[in-house]
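J.: I'm passing along structure28.cif; it holds mmCIF, C-alpha atoms and all ligand atoms.
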data_query
loop_
_atom_site.label_atom_id
_atom_site.label_comp_id
_atom_site.auth_asym_id
_atom_site.auth_seq_id
_atom_site.Cartn_x
_atom_site.Cartn_y
_atom_site.Cartn_z
CA MET A 258 49.50 111.13 174.03
CA ALA A 259 48.77 112.99 177.21
CA GLN A 260 52.04 112.12 178.92
CA ILE A 261 54.76 114.64 178.51
CA GLY A 262 58.43 113.85 178.23
CA TYR A 263 58.45 111.56 175.20
CA SER A 264 60.58 112.74 172.31
CA LYS A 265 59.34 112.58 168.73
CA LYS A 266 61.82 109.78 168.11
CA VAL A 267 60.36 107.69 170.93
CA MET A 268 56.86 108.21 169.56
CA ASP A 269 58.04 107.36 166.06
CA HIS A 270 59.66 104.07 167.15
CA PHE A 271 56.67 103.25 169.35
CA THR A 272 54.08 103.79 166.64
CA ASN A 273 56.24 102.37 163.85
CA PRO A 274 58.63 99.88 165.45
CA ARG A 275 61.43 98.49 163.29
CA ASN A 276 62.54 94.84 163.15
CA VAL A 277 59.63 93.32 165.05
CA GLY A 278 59.34 89.58 164.72
CA VAL A 279 61.22 86.33 165.00
CA ILE A 280 64.23 84.87 163.17
CA GLU A 281 63.99 81.12 162.64
CA ASN A 282 67.18 79.29 163.64
CA PRO A 283 68.90 82.41 164.95
CA ASP A 284 72.65 82.45 165.57
CA GLY A 285 71.94 84.06 168.93
CA TYR A 286 68.85 84.33 171.11
CA GLY A 287 68.30 86.34 174.27
CA LYS A 288 65.32 86.56 176.59
CA VAL A 289 65.14 88.80 179.62
CA GLY A 290 62.48 89.87 182.06
CA ASN A 291 62.29 93.26 183.69
CA PRO A 292 62.29 92.88 187.47
CA VAL A 293 60.65 96.28 187.90
CA CYS A 294 57.50 95.61 185.91
CA GLY A 295 57.66 91.92 184.95
CA ASP A 296 57.69 92.63 181.21
CA LEU A 297 59.54 90.35 178.80
CA MET A 298 61.83 90.85 175.82
CA GLU A 299 63.17 88.43 173.25
CA MET A 300 65.96 89.24 170.79
CA PHE A 301 67.08 87.18 167.78
CA ILE A 302 70.27 87.76 165.78
CA LYS A 303 71.74 86.42 162.55
CA VAL A 304 75.53 86.82 162.48
CA GLU A 305 78.09 86.44 159.71
CA ASN A 306 81.81 86.90 160.41
CA ASP A 307 80.89 88.43 163.77
CA ILE A 308 78.75 91.11 162.09
CA ILE A 309 75.07 91.31 163.01
CA MET A 310 73.39 90.90 159.64
CA ASP A 311 69.81 90.68 160.88
CA ILE A 312 68.10 91.30 164.19
CA LYS A 313 64.51 91.05 165.36
CA PHE A 314 62.73 91.44 168.65
CA ARG A 315 59.48 90.48 170.28
CA THR A 316 58.25 91.98 173.51
CA PHE A 317 55.52 91.95 176.08
CA GLY A 318 56.63 95.35 177.24
CA CYS A 319 55.36 98.90 177.44
CA GLY A 320 55.62 101.58 174.80
CA SER A 321 59.06 102.66 175.96
CA ALA A 322 60.28 99.07 175.81
CA ILE A 323 58.99 98.82 172.25
CA ALA A 324 60.63 102.10 171.25
CA THR A 325 63.96 101.26 172.87
CA SER A 326 64.14 97.79 171.38
CA SER A 327 63.26 99.13 167.97
CA MET A 328 66.10 101.65 168.35
CA VAL A 329 68.55 99.00 169.62
CA THR A 330 67.89 96.82 166.59
CA GLU A 331 68.58 99.74 164.26
CA MET A 332 71.78 100.58 166.13
CA ALA A 333 73.04 96.99 166.24
CA LYS A 334 72.34 95.99 162.65
CA GLY A 335 75.61 95.92 160.73
CA MET A 336 77.69 96.19 163.92
CA HIS A 337 80.45 93.85 165.05
CA VAL A 338 79.24 91.76 168.00
CA ASP A 339 82.11 93.10 170.15
CA GLU A 340 80.78 96.62 169.64
CA ALA A 341 77.09 95.75 169.87
CA ILE A 342 77.52 94.07 173.25
CA LYS A 343 78.77 97.41 174.61
CA ILE A 344 75.51 99.25 173.78
CA THR A 345 74.09 100.47 177.08
CA ARG A 346 70.65 101.63 178.03
CA ASN A 347 72.03 105.15 178.15
CA ASP A 348 73.26 104.88 174.55
CA VAL A 349 69.78 103.83 173.52
CA ALA A 350 68.08 106.58 175.48
CA ASP A 351 70.49 109.14 173.99
CA GLU A 352 69.71 107.94 170.47
CA LEU A 353 66.04 108.37 171.27
CA GLU A 354 66.72 111.91 172.50
CA GLY A 355 65.94 110.96 176.07
CA LEU A 356 63.40 108.98 178.02
CA PRO A 357 61.42 110.16 181.04
CA PRO A 358 63.34 109.10 184.19
CA ALA A 359 60.54 106.79 185.29
CA LYS A 360 60.92 104.93 182.00
CA MET A 361 64.69 104.45 181.97
CA HIS A 362 64.33 100.95 183.41
CA CYS A 363 62.43 99.96 180.27
CA SER A 364 65.49 100.52 178.13
CA ASN A 365 67.34 97.89 180.19
CA LEU A 366 65.25 95.23 178.53
CA ALA A 367 66.43 96.06 175.04
CA ALA A 368 70.13 96.42 175.86
CA ASP A 369 70.13 93.33 178.12
CA ALA A 370 68.29 91.14 175.62
CA LEU A 371 70.78 92.10 172.92
CA GLY A 372 73.63 91.29 175.30
CA GLU A 373 72.10 87.89 176.06
CA ALA A 374 71.67 87.14 172.35
CA ILE A 375 75.33 87.94 171.72
CA LYS A 376 76.41 85.80 174.68
CA ASN A 377 74.31 82.97 173.31
CA TYR A 378 75.96 83.41 169.89
CA ARG A 379 79.39 83.18 171.50
CA GLU A 380 78.41 80.14 173.55
CA LYS A 381 77.23 78.37 170.44
CA ARG A 382 80.61 79.06 168.86
CA GLY A 383 82.36 77.81 171.95
CA GLU A 384 83.68 81.22 172.91
CA THR A 385 82.50 81.16 176.49
CA GLY A 386 84.34 82.64 179.40
CA ASN A 387 86.36 85.15 177.41
CA ARG A 388 84.60 88.16 178.89
FE1 LIG B 1 57.77 97.31 181.68
FE2 LIG B 1 58.44 99.56 180.54
S1 LIG B 1 57.00 99.31 182.12
S2 LIG B 1 59.25 97.60 180.19
#
Reformat the file's structure so that it appears as structure tokens.
Ligand code: FES
T.:
Amino acid sequence: MAQIGYSKKVMDHFTNPRNVGVIENPDGYGKVGNPVCGDLMEMFIKVENDIIMDIKFRTFGCGSAIATSSMVTEMAKGMHVDEAIKITRNDVADELEGLPPAKMHCSNLAADALGEAIKNYREKRGETGNR
């Protein structure tokens, strides 16, 4: 790729994204749009005893959005929902060994969609308004 500033990890997750797809009847579902570019992200989670057992995403986003969501799904799998909801876009960018500044907004999509999916999971369990 001609653009500079993408780490090998970003390129790896972009060209070989993990956990792409849909989970039927998910325990939590989140969908967010990026106000900067208008791209969309969907996140699906399967949860057992508050642990994220499975997670998948689908996006109409750019390469950085694909790479960051792939990374978020790898980070969140096996995590307690209380921990996973704290993952920030900076955590994701750090895991990816950095993103070009102009692309940092793209990592919002992944972290926000995961947060929405966890909120949805809690709502379904009737745990609203605790946070
Ligand atoms: Fe839209 Fe990156 S440009 S998510």
J.: Please identify every polymer residue within 6 Å of ligand LIG 1 (chain B), using all atoms listed in the file, and present the set as an MDAnalysis selection string.
T.: chainID A and resid 294 296 318:319 321:322 363
J.: So which residues fall inside 12 Å of (69.5, 105.9, 180.4) if we count only C-alpha atoms? Mind giving them as a list in words?
T.: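 Protein and nucleic acid residues near the point are Ser321, Thr325, Ile344, Thr345, Arg346, Asn347, Asp348, Val349, Ala350, Asp351, Glu352, Leu353, Glu354, Gly355, Leu356, Pro357, Pro358, Ala359, Lys360, Met361, His362, Cys363, Ser364, Asn365, Leu366, Ala367 and Ala368 of chain A.
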J.: Restricting the calculation to all atoms listed in the file: of A:Gly372, A:Gly262, A:Gly383, A:Gly287, which residue gets closest to A:Phe314?
T.: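 Among the listed residues, the smallest separation from A:Phe314 belongs to A:Gly287.
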J.: Quick one: everything within 6 Å of A:Ala324, counting only C-alpha atoms, minus sequence neighbours fewer than 2 positions away in the same chain. Send it as JSON, numbers by chain.
T.: {"A": [267, 270, 271, 321, 322, 326, 327]}
J.: What would the file look like if the residues just selected were written as an mmCIF file, in the coordinates of the input with C-alpha atoms?
T.:
data_model
loop_
_atom_site.group_PDB
_atom_site.id
_atom_site.type_symbol
_atom_site.label_atom_id
_atom_site.label_comp_id
_atom_site.auth_asym_id
_atom_site.auth_seq_id
_atom_site.Cartn_x
_atom_site.Cartn_y
_atom_site.Cartn_z
ATOM 1 C CA VAL A 267 60.360 107.690 170.930
ATOM 2 C CA HIS A 270 59.660 104.070 167.150
ATOM 3 C CA PHE A 271 56.670 103.250 169.350
ATOM 4 C CA SER A 321 59.060 102.660 175.960
ATOM 5 C CA ALA A 322 60.280 99.070 175.810
ATOM 6 C CA SER A 326 64.140 97.790 171.380
ATOM 7 C CA SER A 327 63.260 99.130 167.970
#
J.: How many Å separate atom CA of A:Lys381 from atom CA of A:Lys343?
T.: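 Atom CA of A:Lys343 lies 19.6 Å from atom CA of A:Lys381.
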J.: Box time for stretch 339-342 of chain A: axis-aligned, enclosing all its listed atoms, 4 Å extra on each side; report centre and edge lengths in Å to one decimal, as JSON.
T.:
{"center_x": 79.6, "center_y": 94.9, "center_z": 171.4, "size_x": 13.0, "size_y": 11.5, "size_z": 11.6}
J.: Residues around (55.4, 90.6, 181.0), cut-off 6 Å, counting all atoms listed in the file - what are they as JSON, numbers by chain?
T.: {"A": [295, 296, 297, 317]}
J.: Using Å and a single decimal, report how far atom CA of A:Glu340 sits from atom CA of A:Asn276.
T.: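 Calculated distance between atom CA of A:Asn276 and atom CA of A:Glu340 is 19.4 Å.
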J.: Mind pulling up the distance from atom CA of A:Lys265 to atom CA of A:Lys313?
T.: 22.4 Å
J.: From the set A:Ala341, A:Asn291, A:Glu331, A:Asp307, which residue has the shortest atom-to-atom contact distance to A:Val277, counting all atoms listed in the file?
T.: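 Closest residue, counting all atoms listed in the file: A:Glu331.
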J.: Have a look at A:Glu305, A:Glu380, A:Asp369, A:Asp339 and name the one nearest to A:Val289; count only C-alpha atoms.
T.: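 Residue with the minimum atom-to-atom distance to A:Val289: A:Asp369.
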J.: Which one of A:Ile342, A:Met268, A:Ala374, A:Met298 sits closest to A:Gly320 if you count all atoms listed in the file?
T.: A:Met268
J.: Looking at A:Val279, A:Ile302, A:Val329, A:Ala370, which one is nearest to A:Arg315, with distances taken over all atoms listed in the file?
T.: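 That would be A:Val279, the residue with the smallest distance to A:Arg315.
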J.: Identify which of the residues A:Ile280, A:Ile323, A:Met336, A:Leu371 lies closest to A:Ile308, counting only C-alpha atoms when measuring atom-to-atom distances.
T.: A:Met336
J.: Take stretch 344-366 of chain A, bring it up to N, CA, C and O atoms, and give me the output as a PDB file, in the frame of the given file.
T.:
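Written out: rebuild.pdb:
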ATOM      1  N   ILE A 344      76.620  98.270 173.793  1.00  0.00           N
ATOM      2  CA  ILE A 344      75.510  99.250 173.780  1.00  0.00           C
ATOM      3  C   ILE A 344      74.829  99.233 175.150  1.00  0.00           C
ATOM      4  O   ILE A 344      74.450  98.173 175.639  1.00  0.00           O
ATOM      5  N   THR A 345      74.713 100.394 175.749  1.00  0.00           N
ATOM      6  CA  THR A 345      74.090 100.470 177.080  1.00  0.00           C
ATOM      7  C   THR A 345      72.706 101.110 176.964  1.00  0.00           C
ATOM      8  O   THR A 345      72.371 101.711 175.947  1.00  0.00           O
ATOM      9  N   ARG A 346      71.978 101.027 178.040  1.00  0.00           N
ATOM     10  CA  ARG A 346      70.650 101.630 178.030  1.00  0.00           C
ATOM     11  C   ARG A 346      70.757 103.151 177.853  1.00  0.00           C
ATOM     12  O   ARG A 346      69.880 103.776 177.287  1.00  0.00           O
ATOM     13  N   ASN A 347      71.864 103.704 178.324  1.00  0.00           N
ATOM     14  CA  ASN A 347      72.030 105.150 178.150  1.00  0.00           C
ATOM     15  C   ASN A 347      72.280 105.504 176.687  1.00  0.00           C
ATOM     16  O   ASN A 347      71.802 106.521 176.209  1.00  0.00           O
ATOM     17  N   ASP A 348      73.043 104.651 175.986  1.00  0.00           N
ATOM     18  CA  ASP A 348      73.260 104.880 174.550  1.00  0.00           C
ATOM     19  C   ASP A 348      71.915 104.901 173.826  1.00  0.00           C
ATOM     20  O   ASP A 348      71.670 105.734 172.960  1.00  0.00           O
ATOM     21  N   VAL A 349      71.074 103.943 174.193  1.00  0.00           N
ATOM     22  CA  VAL A 349      69.780 103.830 173.520  1.00  0.00           C
ATOM     23  C   VAL A 349      68.915 105.057 173.832  1.00  0.00           C
ATOM     24  O   VAL A 349      68.319 105.663 172.935  1.00  0.00           O
ATOM     25  N   ALA A 350      68.891 105.430 175.089  1.00  0.00           N
ATOM     26  CA  ALA A 350      68.080 106.580 175.480  1.00  0.00           C
ATOM     27  C   ALA A 350      68.588 107.848 174.797  1.00  0.00           C
ATOM     28  O   ALA A 350      67.797 108.687 174.347  1.00  0.00           O
ATOM     29  N   ASP A 351      69.922 107.963 174.675  1.00  0.00           N
ATOM     30  CA  ASP A 351      70.490 109.140 173.990  1.00  0.00           C
ATOM     31  C   ASP A 351      70.039 109.175 172.539  1.00  0.00           C
ATOM     32  O   ASP A 351      69.673 110.219 172.009  1.00  0.00           O
ATOM     33  N   GLU A 352      70.113 108.016 171.878  1.00  0.00           N
ATOM     34  CA  GLU A 352      69.710 107.940 170.470  1.00  0.00           C
ATOM     35  C   GLU A 352      68.253 108.350 170.312  1.00  0.00           C
ATOM     36  O   GLU A 352      67.859 108.894 169.304  1.00  0.00           O
ATOM     37  N   LEU A 353      67.471 108.048 171.328  1.00  0.00           N
ATOM     38  CA  LEU A 353      66.040 108.370 171.270  1.00  0.00           C
ATOM     39  C   LEU A 353      65.762 109.789 171.757  1.00  0.00           C
ATOM     40  O   LEU A 353      64.615 110.175 171.932  1.00  0.00           O
ATOM     41  N   GLU A 354      66.837 110.538 171.997  1.00  0.00           N
ATOM     42  CA  GLU A 354      66.720 111.910 172.500  1.00  0.00           C
ATOM     43  C   GLU A 354      66.041 111.951 173.867  1.00  0.00           C
ATOM     44  O   GLU A 354      65.234 112.832 174.152  1.00  0.00           O
ATOM     45  N   GLY A 355      66.377 110.958 174.671  1.00  0.00           N
ATOM     46  CA  GLY A 355      65.940 110.960 176.070  1.00  0.00           C
ATOM     47  C   GLY A 355      64.680 110.162 176.312  1.00  0.00           C
ATOM     48  O   GLY A 355      63.861 109.971 175.431  1.00  0.00           O
ATOM     49  N   LEU A 356      64.605 109.658 177.553  1.00  0.00           N
ATOM     50  CA  LEU A 356      63.400 108.980 178.020  1.00  0.00           C
ATOM     51  C   LEU A 356      63.035 109.605 179.357  1.00  0.00           C
ATOM     52  O   LEU A 356      63.926 110.034 180.091  1.00  0.00           O
ATOM     53  N   PRO A 357      61.768 109.657 179.710  1.00  0.00           N
ATOM     54  CA  PRO A 357      61.420 110.160 181.040  1.00  0.00           C
ATOM     55  C   PRO A 357      62.107 109.293 182.095  1.00  0.00           C
ATOM     56  O   PRO A 357      62.210 108.077 181.899  1.00  0.00           O
ATOM     57  N   PRO A 358      62.602 109.873 183.184  1.00  0.00           N
ATOM     58  CA  PRO A 358      63.340 109.100 184.190  1.00  0.00           C
ATOM     59  C   PRO A 358      62.599 107.854 184.650  1.00  0.00           C
ATOM     60  O   PRO A 358      63.212 106.789 184.823  1.00  0.00           O
ATOM     61  N   ALA A 359      61.298 107.940 184.799  1.00  0.00           N
ATOM     62  CA  ALA A 359      60.540 106.790 185.290  1.00  0.00           C
ATOM     63  C   ALA A 359      60.532 105.653 184.281  1.00  0.00           C
ATOM     64  O   ALA A 359      60.157 104.521 184.601  1.00  0.00           O
ATOM     65  N   LYS A 360      60.950 105.943 183.056  1.00  0.00           N
ATOM     66  CA  LYS A 360      60.920 104.930 182.000  1.00  0.00           C
ATOM     67  C   LYS A 360      62.307 104.407 181.644  1.00  0.00           C
ATOM     68  O   LYS A 360      62.431 103.572 180.745  1.00  0.00           O
ATOM     69  N   MET A 361      63.331 104.895 182.324  1.00  0.00           N
ATOM     70  CA  MET A 361      64.690 104.450 181.970  1.00  0.00           C
ATOM     71  C   MET A 361      64.851 102.945 182.162  1.00  0.00           C
ATOM     72  O   MET A 361      65.578 102.295 181.423  1.00  0.00           O
ATOM     73  N   HIS A 362      64.168 102.394 183.174  1.00  0.00           N
ATOM     74  CA  HIS A 362      64.330 100.950 183.410  1.00  0.00           C
ATOM     75  C   HIS A 362      63.870 100.144 182.201  1.00  0.00           C
ATOM     76  O   HIS A 362      64.338  99.042 181.976  1.00  0.00           O
ATOM     77  N   CYS A 363      62.958 100.691 181.430  1.00  0.00           N
ATOM     78  CA  CYS A 363      62.430  99.960 180.270  1.00  0.00           C
ATOM     79  C   CYS A 363      63.514  99.726 179.232  1.00  0.00           C
ATOM     80  O   CYS A 363      63.492  98.713 178.532  1.00  0.00           O
ATOM     81  N   SER A 364      64.450 100.670 179.145  1.00  0.00           N
ATOM     82  CA  SER A 364      65.490 100.520 178.130  1.00  0.00           C
ATOM     83  C   SER A 364      66.491  99.440 178.519  1.00  0.00           C
ATOM     84  O   SER A 364      67.266  98.986 177.686  1.00  0.00           O
ATOM     85  N   ASN A 365      66.492  99.015 179.789  1.00  0.00           N
ATOM     86  CA  ASN A 365      67.340  97.890 180.190  1.00  0.00           C
ATOM     87  C   ASN A 365      66.997  96.649 179.393  1.00  0.00           C
ATOM     88  O   ASN A 365      67.871  95.874 179.021  1.00  0.00           O
ATOM     89  N   LEU A 366      65.708  96.443 179.195  1.00  0.00           N
ATOM     90  CA  LEU A 366      65.250  95.230 178.530  1.00  0.00           C
ATOM     91  C   LEU A 366      65.924  95.066 177.182  1.00  0.00           C
ATOM     92  O   LEU A 366      66.428  94.009 176.857  1.00  0.00           O
TER      93      LEU A 366
END
